[in-house]
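Pasted below: work.txt, compact mmCIF, C-alpha atoms.
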# COMPACT_ATOMS: atom_id res chain seq x y z
CA MET A 1 120.26 136.36 164.08
CA LEU A 2 121.56 139.87 164.26
CA SER A 3 125.25 140.02 164.93
CA THR A 4 125.97 142.28 167.90
CA ASN A 5 128.13 144.63 165.86
CA VAL A 6 125.40 145.36 163.30
CA ILE A 7 123.85 148.46 164.77
CA ASP A 8 122.51 150.28 161.71
CA ARG A 9 119.87 148.52 159.66
CA ILE A 10 118.36 149.99 156.47
CA SER A 11 115.83 148.11 154.39
CA ILE A 12 113.93 149.29 151.31
CA GLN A 13 111.41 146.59 150.58
CA LYS A 14 108.15 145.72 148.84
CA ASN A 15 107.02 143.36 151.57
CA ASP A 16 105.39 144.28 154.85
CA PHE A 17 107.37 144.19 158.09
CA SER A 18 106.50 142.90 161.54
CA LEU A 19 106.71 145.42 164.39
CA ALA A 20 107.32 142.58 166.87
CA ASP A 21 110.21 141.17 164.80
CA GLU A 22 111.77 144.61 164.44
CA VAL A 23 111.58 145.32 168.16
CA ASN A 24 113.14 141.90 168.81
CA LEU A 25 116.04 142.73 166.48
CA LEU A 26 116.61 146.01 168.31
CA GLU A 27 116.56 144.30 171.71
CA ASP A 28 118.25 140.97 170.96
CA ASN A 29 121.62 140.70 172.77
CA ASN A 30 121.34 144.36 173.64
CA ASN A 31 121.40 144.74 177.39
CA GLU A 32 123.13 148.12 177.47
CA ASP A 33 120.09 150.04 176.24
CA GLY A 34 117.08 150.67 178.44
CA ALA A 35 115.09 152.60 175.85
CA VAL A 36 113.49 151.42 172.61
CA VAL A 37 111.53 154.04 170.67
CA THR A 38 109.68 153.01 167.52
CA PHE A 39 107.66 154.91 164.96
CA CYS A 40 105.47 153.34 162.30
CA GLY A 41 103.85 155.34 159.48
CA ARG A 42 100.75 153.96 157.76
CA VAL A 43 98.66 154.79 154.67
CA ARG A 44 95.65 156.82 155.79
CA ASN A 45 92.37 157.09 153.91
CA ASN A 46 92.44 160.88 153.50
CA ASN A 47 94.82 163.62 152.44
CA LEU A 48 94.09 167.35 152.08
CA GLY A 49 90.36 166.61 152.04
CA ARG A 50 90.60 163.93 149.36
CA GLU A 51 89.53 160.35 149.85
CA VAL A 52 92.61 158.18 149.32
CA LYS A 53 92.39 154.59 148.11
CA GLY A 54 96.06 153.72 148.08
CA LEU A 55 99.59 154.82 147.24
CA THR A 56 102.42 153.85 144.95
CA LEU A 57 105.90 154.57 146.25
CA GLU A 58 108.91 155.06 144.01
CA HIS A 59 112.51 155.62 145.10
CA TYR A 60 116.00 156.13 143.71
CA PRO A 61 117.86 152.85 144.37
CA GLY A 62 121.37 153.51 145.61
CA MET A 63 120.77 157.10 146.59
CA THR A 64 118.01 156.21 149.06
CA GLU A 65 120.24 153.96 151.17
CA LYS A 66 123.04 156.55 151.10
CA ALA A 67 120.70 159.38 152.13
CA LEU A 68 119.26 157.33 155.01
CA GLN A 69 122.73 156.32 156.20
CA LYS A 70 123.74 159.98 156.24
CA ILE A 71 120.70 160.89 158.38
CA MET A 72 121.50 158.03 160.79
CA ASP A 73 125.16 159.12 160.98
CA THR A 74 124.09 162.69 161.77
CA ALA A 75 121.73 161.43 164.49
CA ARG A 76 124.65 159.54 166.05
CA THR A 77 126.68 162.76 166.25
CA LYS A 78 123.84 164.47 168.15
CA TRP A 79 122.76 161.76 170.61
CA SER A 80 124.24 158.70 172.26
CA LEU A 81 122.46 155.86 170.45
CA GLY A 82 122.54 152.08 170.38
CA ARG A 83 120.84 150.48 167.38
CA ILE A 84 118.94 152.18 164.58
CA THR A 85 116.58 150.54 162.10
CA VAL A 86 114.94 152.31 159.17
CA ILE A 87 112.55 150.39 156.91
CA HIS A 88 110.68 151.99 154.01
CA ARG A 89 108.32 150.16 151.71
CA ILE A 90 108.02 150.75 147.97
CA GLY A 91 105.48 149.74 145.35
CA LYS A 92 101.70 149.65 145.73
CA LEU A 93 100.25 150.08 149.23
CA LEU A 94 96.65 150.00 150.40
CA ILE A 95 94.84 151.90 153.17
CA GLY A 96 96.07 150.92 156.61
CA GLU A 97 99.27 149.29 155.36
CA GLN A 98 102.56 150.10 157.05
CA ILE A 99 104.85 152.38 155.01
CA VAL A 100 107.77 153.29 157.19
CA PHE A 101 109.44 152.14 160.41
CA VAL A 102 112.06 153.91 162.49
CA GLY A 103 113.38 152.20 165.61
CA VAL A 104 116.09 153.60 167.87
CA THR A 105 117.61 152.31 171.10
CA SER A 106 119.60 154.23 173.70
CA LYS A 107 120.61 153.91 177.34
CA HIS A 108 118.01 156.46 178.47
CA ARG A 109 114.78 157.46 176.77
CA SER A 110 115.45 161.09 175.84
CA ASP A 111 118.14 160.25 173.25
CA ALA A 112 116.01 157.61 171.51
CA PHE A 113 112.89 159.83 171.52
CA ALA A 114 114.72 162.79 169.98
CA ALA A 115 116.71 160.73 167.46
CA ASN A 116 113.61 158.90 166.25
CA GLU A 117 111.81 162.15 165.47
CA PHE A 118 114.95 163.65 163.91
CA ILE A 119 115.39 160.64 161.59
CA MET A 120 111.73 160.77 160.49
CA ASP A 121 111.84 164.55 159.94
CA PHE A 122 114.91 164.25 157.70
CA LEU A 123 113.69 161.12 155.92
CA LYS A 124 110.67 163.21 154.85
CA VAL A 125 112.81 165.89 153.19
CA LYS A 126 116.11 164.21 152.23
CA ALA A 127 115.44 160.61 151.23
CA PRO A 128 114.50 160.20 147.55
CA PHE A 129 111.04 158.62 147.83
CA TRP A 130 107.97 159.82 145.94
CA LYS A 131 104.32 159.03 146.63
CA LYS A 132 101.66 158.74 143.98
CA GLU A 133 98.18 158.87 145.43
CA LEU A 134 95.24 156.88 144.09
CA THR A 135 91.91 158.67 144.66
CA SER A 136 88.47 158.38 143.08
CA GLN A 137 89.69 161.07 140.63
CA GLY A 138 92.61 158.92 139.48
CA GLU A 139 96.34 158.84 140.24
CA GLU A 140 98.36 161.90 141.13
CA TRP A 141 101.91 162.56 142.39
CA LEU A 142 101.94 164.24 145.78
CA GLU A 143 103.42 167.71 146.11
CA ALA A 144 106.09 168.22 148.77
CA ARG A 145 104.83 170.12 151.82
CA ALA A 146 106.52 173.27 153.07
CA SER A 147 105.61 172.23 156.63
CA ASP A 148 107.91 169.18 156.33
CA THR A 149 110.84 171.41 155.35
CA THR A 150 110.04 173.79 158.21
CA LYS A 151 109.95 170.91 160.68
CA ALA A 152 113.34 169.55 159.54
CA ASN A 153 114.87 173.05 159.63
CA GLU A 154 113.76 173.49 163.23
CA TRP A 155 116.46 170.99 164.26
CA ASN A 156 119.08 173.53 163.18
CA ASN A 157 117.88 175.83 165.95
CA ALA A 158 117.34 173.07 168.51
CA MET B 1 129.48 160.05 128.63
CA ILE B 2 127.19 161.02 131.50
CA LYS B 3 124.18 158.92 132.43
CA VAL B 4 121.14 161.01 133.39
CA ASN B 5 118.19 159.49 135.27
CA PHE B 6 114.73 160.97 135.81
CA PHE B 7 112.35 159.98 138.58
CA ALA B 8 108.69 160.13 139.65
CA ALA B 9 106.50 162.88 138.16
CA LEU B 10 109.38 164.19 136.04
CA ARG B 11 110.01 160.73 134.52
CA GLU B 12 106.30 160.38 133.69
CA THR B 13 105.96 163.88 132.24
CA LEU B 14 109.04 163.45 130.05
CA ASP B 15 108.04 159.86 129.28
CA CYS B 16 111.70 158.98 129.68
CA ASP B 17 113.68 157.44 132.52
CA GLU B 18 117.24 157.75 131.25
CA ILE B 19 119.35 159.57 128.67
CA GLN B 20 123.07 159.76 127.94
CA LEU B 21 125.00 162.97 127.43
CA ASN B 22 127.96 162.59 125.11
CA VAL B 23 130.44 164.84 126.86
CA SER B 24 134.14 164.31 127.37
CA LYS B 25 134.79 167.01 129.97
CA SER B 26 133.30 168.27 133.22
CA LEU B 27 130.32 170.58 133.21
CA SER B 28 128.08 172.17 135.83
CA VAL B 29 124.57 170.93 136.59
CA GLN B 30 123.33 174.20 135.08
CA GLN B 31 125.25 173.45 131.86
CA ALA B 32 123.96 169.87 131.84
CA LYS B 33 120.40 171.18 132.07
CA ALA B 34 121.05 173.55 129.13
CA LEU B 35 122.48 170.67 127.11
CA ILE B 36 119.46 168.47 127.87
CA VAL B 37 117.10 171.26 126.76
CA GLU B 38 119.17 171.72 123.59
CA LEU B 39 118.71 168.01 122.82
CA HIS B 40 115.03 168.01 123.89
CA PRO B 41 113.58 171.53 123.36
CA LYS B 42 110.12 170.38 124.51
CA TRP B 43 111.51 169.70 127.98
CA GLU B 44 112.55 173.31 128.56
CA SER B 45 109.89 174.30 131.12
CA HIS B 46 110.67 171.25 133.29
CA PHE B 47 114.37 172.08 133.50
CA LYS B 48 113.67 175.74 134.24
CA ASN B 49 111.50 174.74 137.21
CA ASN B 50 113.21 176.03 140.36
CA SER B 51 111.92 173.22 142.55
CA LEU B 52 113.64 170.57 140.40
CA LEU B 53 116.30 168.70 142.43
CA ALA B 54 119.54 167.20 141.15
CA ALA B 55 121.91 164.51 142.43
CA ILE B 56 125.39 163.52 141.29
CA ASN B 57 126.51 159.97 142.12
CA HIS B 58 123.66 159.66 144.65
CA GLU B 59 124.50 162.91 146.50
CA MET B 60 122.32 166.01 146.38
CA ALA B 61 123.78 168.66 144.08
CA ASP B 62 122.98 172.23 143.07
CA ASP B 63 123.27 174.18 139.80
CA THR B 64 126.93 174.98 140.39
CA SER B 65 127.99 171.38 141.25
CA MET B 66 130.31 169.82 138.68
CA VAL B 67 129.49 166.62 136.78
CA ASN B 68 132.34 164.57 135.32
CA PRO B 69 132.28 162.03 132.48
CA ASN B 70 131.10 158.61 133.79
CA ASP B 71 129.20 160.26 136.65
CA GLU B 72 125.57 159.45 137.30
CA LEU B 73 123.39 162.54 137.23
CA ALA B 74 119.73 162.50 138.26
CA PHE B 75 116.85 164.96 138.25
CA PHE B 76 113.67 164.63 140.30
CA PRO B 77 110.88 166.59 142.02
CA PRO B 78 110.96 167.41 145.77
CA VAL B 79 110.73 164.18 147.77
CA THR B 80 107.51 162.97 149.42
CA GLY B 81 108.31 159.77 151.30
CA GLY B 82 107.68 158.75 154.88

Represent the supplied structure as structure tokens.
Amino acid sequence: MLSTNVIDRISIQKNDFSLADEVNLLEDNNNEDGAVVTFCGRVRNNNLGREVKGLTLEHYPGMTEKALQKIMDTARTKWSLGRITVIHRIGKLLIGEQIVFVGVTSKHRSDAFAANEFIMDFLKVKAPFWKKELTSQGEEWLEARASDTTKANEWNNA
Amino acid sequence: MIKVNFFAALRETLDCDEIQLNVSKSLSVQQAKALIVELHPKWESHFKNNSLLAAINHEMADDTSMVNPNDELAFFPPVTGG
């Protein structure tokens, strides 16, 4: 049972998560919020024209949680939010597996929609996770994309 | 003593996940990089790479940030999670 005063939830885990369970945690004993916005990222079978077989995710324990908390705190200064959950998986992941979950509640939908996208955009550029891609050519660390930095920077002008 | 951690592609390229710097006073990230290269000359190109990121005690840092004895310093490539 989630205690009613626990409103930020961060989990870095090897195991899969259940979307239904996560939505329940966001909604349980929460009758103030009318909006629940969730995002789930999955491993796709292609990247930059390459056929992808799977991923290995590494992170920096300790810093990851701190970086995510900072992003959530910043989101709370911008919008009026209820509960926030961020889950990120680590270790080996296969095609179609869930990688990341962001769930946000708010009284009205616009705050939760915006905050969810904001949290994902900053997770991509600020949280210390690294993906290693397994393709038919072997394993290779992914390069960061300039488009992710551009997308996060757009919030400064929003 | 400063503990220095390496992550992801950098850790694999260096074939090393952690070193210790025997220092008794504060130094900048830039100075820490120079000291690491002095101890490991083969690593020079990796620590001259402009895209290399640094963190001190789990907070992002830049070349001018100061590291104190007993701090945890880390170097890693740009992040690619999500």

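The closest residue to chain A, picked from B:Val23, B:Ala9, B:Met66, B:Ala32 and counting all atoms listed in the file, is B:Ala9.
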
Please provide as a list of chain:residue names all residues within 8 Å of Glu18 (chain B), with the sequence filter that same-chain residues fewer than 4 positions apart are discarded (counting only C-alpha atoms). B:Lys3, B:Val4, B:Asn5, B:Phe6

Write out, as a PDB file, keeping the file's coordinate frame, the residues just selected, with C-alpha atoms.
ATOM      1  CA  LYS B   3     124.180 158.920 132.430  1.00  0.00           C
ATOM      2  CA  VAL B   4     121.140 161.010 133.390  1.00  0.00           C
ATOM      3  CA  ASN B   5     118.190 159.490 135.270  1.00  0.00           C
ATOM      4  CA  PHE B   6     114.730 160.970 135.810  1.00  0.00           C
TER       5      PHE B   6
END

At most 10 Å is the cut-off: for each residue in chain A with any atom that close to an atom of chain B, write down the nearest atom pair and the distance in Å rounded to one decimal, counting only C-alpha atoms, chain first then increasing number, as a Markdown table.
| residue | atom | partner | partner_atom | distance |
| --- | --- | --- | --- | --- |
| A:Cys40 | CA | B:Gly82 | CA | 9.4 |
| A:Gly41 | CA | B:Gly82 | CA | 6.9 |
| A:Arg42 | CA | B:Gly82 | CA | 8.9 |
| A:Val43 | CA | B:Gly82 | CA | 9.9 |
| A:Leu57 | CA | B:Gly81 | CA | 7.6 |
| A:Glu58 | CA | B:Ala8 | CA | 6.7 |
| A:His59 | CA | B:Phe7 | CA | 7.8 |
| A:Tyr60 | CA | B:Phe7 | CA | 7.4 |
| A:Pro61 | CA | B:His58 | CA | 8.9 |
| A:Gly62 | CA | B:His58 | CA | 6.6 |
| A:Met63 | CA | B:His58 | CA | 4.3 |
| A:Thr64 | CA | B:His58 | CA | 8.0 |
| A:Glu65 | CA | B:His58 | CA | 9.3 |
| A:Lys66 | CA | B:His58 | CA | 7.2 |
| A:Ala67 | CA | B:Glu59 | CA | 7.7 |
| A:Ile87 | CA | B:Gly82 | CA | 9.9 |
| A:His88 | CA | B:Gly82 | CA | 7.4 |
| A:Arg89 | CA | B:Gly82 | CA | 9.2 |
| A:Ile90 | CA | B:Gly81 | CA | 9.6 |
| A:Ile99 | CA | B:Gly82 | CA | 7.0 |
| A:Val100 | CA | B:Gly82 | CA | 5.9 |
| A:Phe101 | CA | B:Gly82 | CA | 8.8 |
| A:Met120 | CA | B:Gly82 | CA | 7.2 |
| A:Asp121 | CA | B:Gly82 | CA | 8.7 |
| A:Phe122 | CA | B:Gly82 | CA | 9.5 |
| A:Leu123 | CA | B:Gly82 | CA | 6.5 |
| A:Lys124 | CA | B:Gly82 | CA | 5.4 |
| A:Val125 | CA | B:Val79 | CA | 6.1 |
| A:Lys126 | CA | B:Val79 | CA | 7.0 |
| A:Ala127 | CA | B:Val79 | CA | 6.8 |
| A:Pro128 | CA | B:Val79 | CA | 5.5 |
| A:Phe129 | CA | B:Gly81 | CA | 4.6 |
| A:Trp130 | CA | B:Thr80 | CA | 4.7 |
| A:Lys131 | CA | B:Thr80 | CA | 5.8 |
| A:Lys132 | CA | B:Ala8 | CA | 8.4 |
| A:Glu140 | CA | B:Ala9 | CA | 8.7 |
| A:Trp141 | CA | B:Ala9 | CA | 6.3 |
| A:Leu142 | CA | B:Thr80 | CA | 6.8 |
| A:Glu143 | CA | B:Thr80 | CA | 7.1 |
| A:Ala144 | CA | B:Thr80 | CA | 5.5 |
| A:Arg145 | CA | B:Thr80 | CA | 8.0 |
| A:Asp148 | CA | B:Thr80 | CA | 9.3 |

Resulting file, chosen residues, C-alpha atoms, as a compact mmCIF listing (two decimals), keeping the file's coordinate frame:
# COMPACT_ATOMS: atom_id res chain seq x y z
CA CYS A 40 105.47 153.34 162.30
CA GLY A 41 103.85 155.34 159.48
CA ARG A 42 100.75 153.96 157.76
CA VAL A 43 98.66 154.79 154.67
CA LEU A 57 105.90 154.57 146.25
CA GLU A 58 108.91 155.06 144.01
CA HIS A 59 112.51 155.62 145.10
CA TYR A 60 116.00 156.13 143.71
CA PRO A 61 117.86 152.85 144.37
CA GLY A 62 121.37 153.51 145.61
CA MET A 63 120.77 157.10 146.59
CA THR A 64 118.01 156.21 149.06
CA GLU A 65 120.24 153.96 151.17
CA LYS A 66 123.04 156.55 151.10
CA ALA A 67 120.70 159.38 152.13
CA ILE A 87 112.55 150.39 156.91
CA HIS A 88 110.68 151.99 154.01
CA ARG A 89 108.32 150.16 151.71
CA ILE A 90 108.02 150.75 147.97
CA ILE A 99 104.85 152.38 155.01
CA VAL A 100 107.77 153.29 157.19
CA PHE A 101 109.44 152.14 160.41
CA MET A 120 111.73 160.77 160.49
CA ASP A 121 111.84 164.55 159.94
CA PHE A 122 114.91 164.25 157.70
CA LEU A 123 113.69 161.12 155.92
CA LYS A 124 110.67 163.21 154.85
CA VAL A 125 112.81 165.89 153.19
CA LYS A 126 116.11 164.21 152.23
CA ALA A 127 115.44 160.61 151.23
CA PRO A 128 114.50 160.20 147.55
CA PHE A 129 111.04 158.62 147.83
CA TRP A 130 107.97 159.82 145.94
CA LYS A 131 104.32 159.03 146.63
CA LYS A 132 101.66 158.74 143.98
CA GLU A 140 98.36 161.90 141.13
CA TRP A 141 101.91 162.56 142.39
CA LEU A 142 101.94 164.24 145.78
CA GLU A 143 103.42 167.71 146.11
CA ALA A 144 106.09 168.22 148.77
CA ARG A 145 104.83 170.12 151.82
CA ASP A 148 107.91 169.18 156.33

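Taking CA of Thr149 (chain A) and CA of Leu53 (chain B) as endpoints, the distance between them is 14.3 Å.
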
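One distance worth recording is that between CA of Leu73 (chain B) and CA of Gly91 (chain A), which is 23.5 Å.
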
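Around Gly138 (chain A), within 10 Å and counting all atoms listed in the file, the residues found are Val52, Lys53 and Glu133 of chain A, once anything fewer than 5 positions away on its own chain is removed.
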
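The space separating CA of Asn156 (chain A) from CA of Glu117 (chain A) comes to 13.7 Å.
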
Counting all atoms listed in the file, the residue among B:Glu72, B:Asp62, B:Asn49, B:Ile19 that lies closest to Ile36 (chain B) is B:Ile19

So that I can check the surroundings of Arg44 (chain A), please list as a count of residues only every protein, DNA and RNA residue that reaches within 6 Å of it, counting all atoms listed in the file and ignoring chain neighbours fewer than 2 positions away. 3

Write out N, CA and C atoms for region 21-55 of chain A, as a PDB file, keeping the file's coordinate frame.
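Result file result.pdb:
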ATOM      1  N   ASP A  21     108.887 141.653 165.242  1.00  0.00           N
ATOM      2  CA  ASP A  21     110.210 141.170 164.800  1.00  0.00           C
ATOM      3  C   ASP A  21     111.238 142.295 164.861  1.00  0.00           C
ATOM      4  N   GLU A  22     110.822 143.487 164.464  1.00  0.00           N
ATOM      5  CA  GLU A  22     111.770 144.610 164.440  1.00  0.00           C
ATOM      6  C   GLU A  22     112.187 145.018 165.853  1.00  0.00           C
ATOM      7  N   VAL A  23     111.241 145.011 166.766  1.00  0.00           N
ATOM      8  CA  VAL A  23     111.580 145.320 168.160  1.00  0.00           C
ATOM      9  C   VAL A  23     112.517 144.244 168.713  1.00  0.00           C
ATOM     10  N   ASN A  24     112.247 142.995 168.369  1.00  0.00           N
ATOM     11  CA  ASN A  24     113.140 141.900 168.810  1.00  0.00           C
ATOM     12  C   ASN A  24     114.565 142.105 168.322  1.00  0.00           C
ATOM     13  N   LEU A  25     114.697 142.505 167.037  1.00  0.00           N
ATOM     14  CA  LEU A  25     116.040 142.730 166.480  1.00  0.00           C
ATOM     15  C   LEU A  25     116.757 143.865 167.205  1.00  0.00           C
ATOM     16  N   LEU A  26     115.999 144.871 167.606  1.00  0.00           N
ATOM     17  CA  LEU A  26     116.610 146.010 168.310  1.00  0.00           C
ATOM     18  C   LEU A  26     117.045 145.621 169.728  1.00  0.00           C
ATOM     19  N   GLU A  27     116.305 144.659 170.306  1.00  0.00           N
ATOM     20  CA  GLU A  27     116.560 144.300 171.710  1.00  0.00           C
ATOM     21  C   GLU A  27     117.475 143.095 171.878  1.00  0.00           C
ATOM     22  N   ASP A  28     117.538 142.235 170.845  1.00  0.00           N
ATOM     23  CA  ASP A  28     118.250 140.970 170.960  1.00  0.00           C
ATOM     24  C   ASP A  28     119.734 141.183 171.295  1.00  0.00           C
ATOM     25  N   ASN A  29     120.218 140.548 172.327  1.00  0.00           N
ATOM     26  CA  ASN A  29     121.620 140.700 172.770  1.00  0.00           C
ATOM     27  C   ASN A  29     122.013 142.146 173.027  1.00  0.00           C
ATOM     28  N   ASN A  30     121.066 142.932 173.400  1.00  0.00           N
ATOM     29  CA  ASN A  30     121.340 144.360 173.640  1.00  0.00           C
ATOM     30  C   ASN A  30     120.881 144.693 175.060  1.00  0.00           C
ATOM     31  N   ASN A  31     121.774 144.493 176.000  1.00  0.00           N
ATOM     32  CA  ASN A  31     121.400 144.740 177.390  1.00  0.00           C
ATOM     33  C   ASN A  31     121.925 146.060 177.930  1.00  0.00           C
ATOM     34  N   GLU A  32     122.591 146.819 177.036  1.00  0.00           N
ATOM     35  CA  GLU A  32     123.130 148.120 177.470  1.00  0.00           C
ATOM     36  C   GLU A  32     122.041 149.187 177.409  1.00  0.00           C
ATOM     37  N   ASP A  33     121.071 148.983 176.491  1.00  0.00           N
ATOM     38  CA  ASP A  33     120.090 150.040 176.240  1.00  0.00           C
ATOM     39  C   ASP A  33     118.776 149.790 176.975  1.00  0.00           C
ATOM     40  N   GLY A  34     118.341 150.785 177.716  1.00  0.00           N
ATOM     41  CA  GLY A  34     117.080 150.670 178.440  1.00  0.00           C
ATOM     42  C   GLY A  34     115.897 151.242 177.687  1.00  0.00           C
ATOM     43  N   ALA A  35     116.174 151.953 176.589  1.00  0.00           N
ATOM     44  CA  ALA A  35     115.090 152.600 175.850  1.00  0.00           C
ATOM     45  C   ALA A  35     114.987 152.092 174.419  1.00  0.00           C
ATOM     46  N   VAL A  36     113.767 151.791 174.006  1.00  0.00           N
ATOM     47  CA  VAL A  36     113.490 151.420 172.610  1.00  0.00           C
ATOM     48  C   VAL A  36     112.333 152.294 172.159  1.00  0.00           C
ATOM     49  N   VAL A  37     112.591 153.171 171.182  1.00  0.00           N
ATOM     50  CA  VAL A  37     111.530 154.040 170.670  1.00  0.00           C
ATOM     51  C   VAL A  37     111.267 153.667 169.218  1.00  0.00           C
ATOM     52  N   THR A  38     110.008 153.393 168.901  1.00  0.00           N
ATOM     53  CA  THR A  38     109.680 153.010 167.520  1.00  0.00           C
ATOM     54  C   THR A  38     108.593 153.929 166.964  1.00  0.00           C
ATOM     55  N   PHE A  39     108.690 154.164 165.682  1.00  0.00           N
ATOM     56  CA  PHE A  39     107.660 154.910 164.960  1.00  0.00           C
ATOM     57  C   PHE A  39     107.249 154.079 163.755  1.00  0.00           C
ATOM     58  N   CYS A  40     105.947 154.024 163.496  1.00  0.00           N
ATOM     59  CA  CYS A  40     105.470 153.340 162.300  1.00  0.00           C
ATOM     60  C   CYS A  40     104.500 154.262 161.581  1.00  0.00           C
ATOM     61  N   GLY A  41     104.751 154.518 160.293  1.00  0.00           N
ATOM     62  CA  GLY A  41     103.850 155.340 159.480  1.00  0.00           C
ATOM     63  C   GLY A  41     102.973 154.439 158.637  1.00  0.00           C
ATOM     64  N   ARG A  42     101.698 154.779 158.516  1.00  0.00           N
ATOM     65  CA  ARG A  42     100.750 153.960 157.760  1.00  0.00           C
ATOM     66  C   ARG A  42     100.025 154.799 156.698  1.00  0.00           C
ATOM     67  N   VAL A  43      99.450 154.108 155.715  1.00  0.00           N
ATOM     68  CA  VAL A  43      98.660 154.790 154.670  1.00  0.00           C
ATOM     69  C   VAL A  43      97.305 155.150 155.261  1.00  0.00           C
ATOM     70  N   ARG A  44      96.968 156.455 155.269  1.00  0.00           N
ATOM     71  CA  ARG A  44      95.650 156.820 155.790  1.00  0.00           C
ATOM     72  C   ARG A  44      94.680 157.039 154.623  1.00  0.00           C
ATOM     73  N   ASN A  45      93.382 157.074 154.976  1.00  0.00           N
ATOM     74  CA  ASN A  45      92.370 157.090 153.910  1.00  0.00           C
ATOM     75  C   ASN A  45      92.002 158.498 153.450  1.00  0.00           C
ATOM     76  N   ASN A  46      92.776 159.506 153.889  1.00  0.00           N
ATOM     77  CA  ASN A  46      92.440 160.880 153.500  1.00  0.00           C
ATOM     78  C   ASN A  46      93.694 161.713 153.435  1.00  0.00           C
ATOM     79  N   ASN A  47      93.696 162.685 152.530  1.00  0.00           N
ATOM     80  CA  ASN A  47      94.820 163.620 152.440  1.00  0.00           C
ATOM     81  C   ASN A  47      94.320 164.917 151.833  1.00  0.00           C
ATOM     82  N   LEU A  48      94.494 166.029 152.558  1.00  0.00           N
ATOM     83  CA  LEU A  48      94.090 167.350 152.080  1.00  0.00           C
ATOM     84  C   LEU A  48      92.636 167.333 151.594  1.00  0.00           C
ATOM     85  N   GLY A  49      91.784 166.638 152.354  1.00  0.00           N
ATOM     86  CA  GLY A  49      90.360 166.610 152.040  1.00  0.00           C
ATOM     87  C   GLY A  49      89.955 165.612 150.974  1.00  0.00           C
ATOM     88  N   ARG A  50      90.935 164.914 150.396  1.00  0.00           N
ATOM     89  CA  ARG A  50      90.600 163.930 149.360  1.00  0.00           C
ATOM     90  C   ARG A  50      90.503 162.541 149.974  1.00  0.00           C
ATOM     91  N   GLU A  51      89.632 161.741 149.405  1.00  0.00           N
ATOM     92  CA  GLU A  51      89.530 160.350 149.850  1.00  0.00           C
ATOM     93  C   GLU A  51      90.618 159.543 149.137  1.00  0.00           C
ATOM     94  N   VAL A  52      91.481 158.910 149.903  1.00  0.00           N
ATOM     95  CA  VAL A  52      92.610 158.180 149.320  1.00  0.00           C
ATOM     96  C   VAL A  52      92.327 156.680 149.330  1.00  0.00           C
ATOM     97  N   LYS A  53      92.628 156.035 148.198  1.00  0.00           N
ATOM     98  CA  LYS A  53      92.390 154.590 148.110  1.00  0.00           C
ATOM     99  C   LYS A  53      93.672 153.791 148.272  1.00  0.00           C
ATOM    100  N   GLY A  54      94.783 154.421 147.951  1.00  0.00           N
ATOM    101  CA  GLY A  54      96.060 153.720 148.080  1.00  0.00           C
ATOM    102  C   GLY A  54      97.195 154.605 147.576  1.00  0.00           C
ATOM    103  N   LEU A  55      98.401 154.071 147.653  1.00  0.00           N
ATOM    104  CA  LEU A  55      99.590 154.820 147.240  1.00  0.00           C
ATOM    105  C   LEU A  55     100.509 153.936 146.424  1.00  0.00           C
TER     106      LEU A  55
END
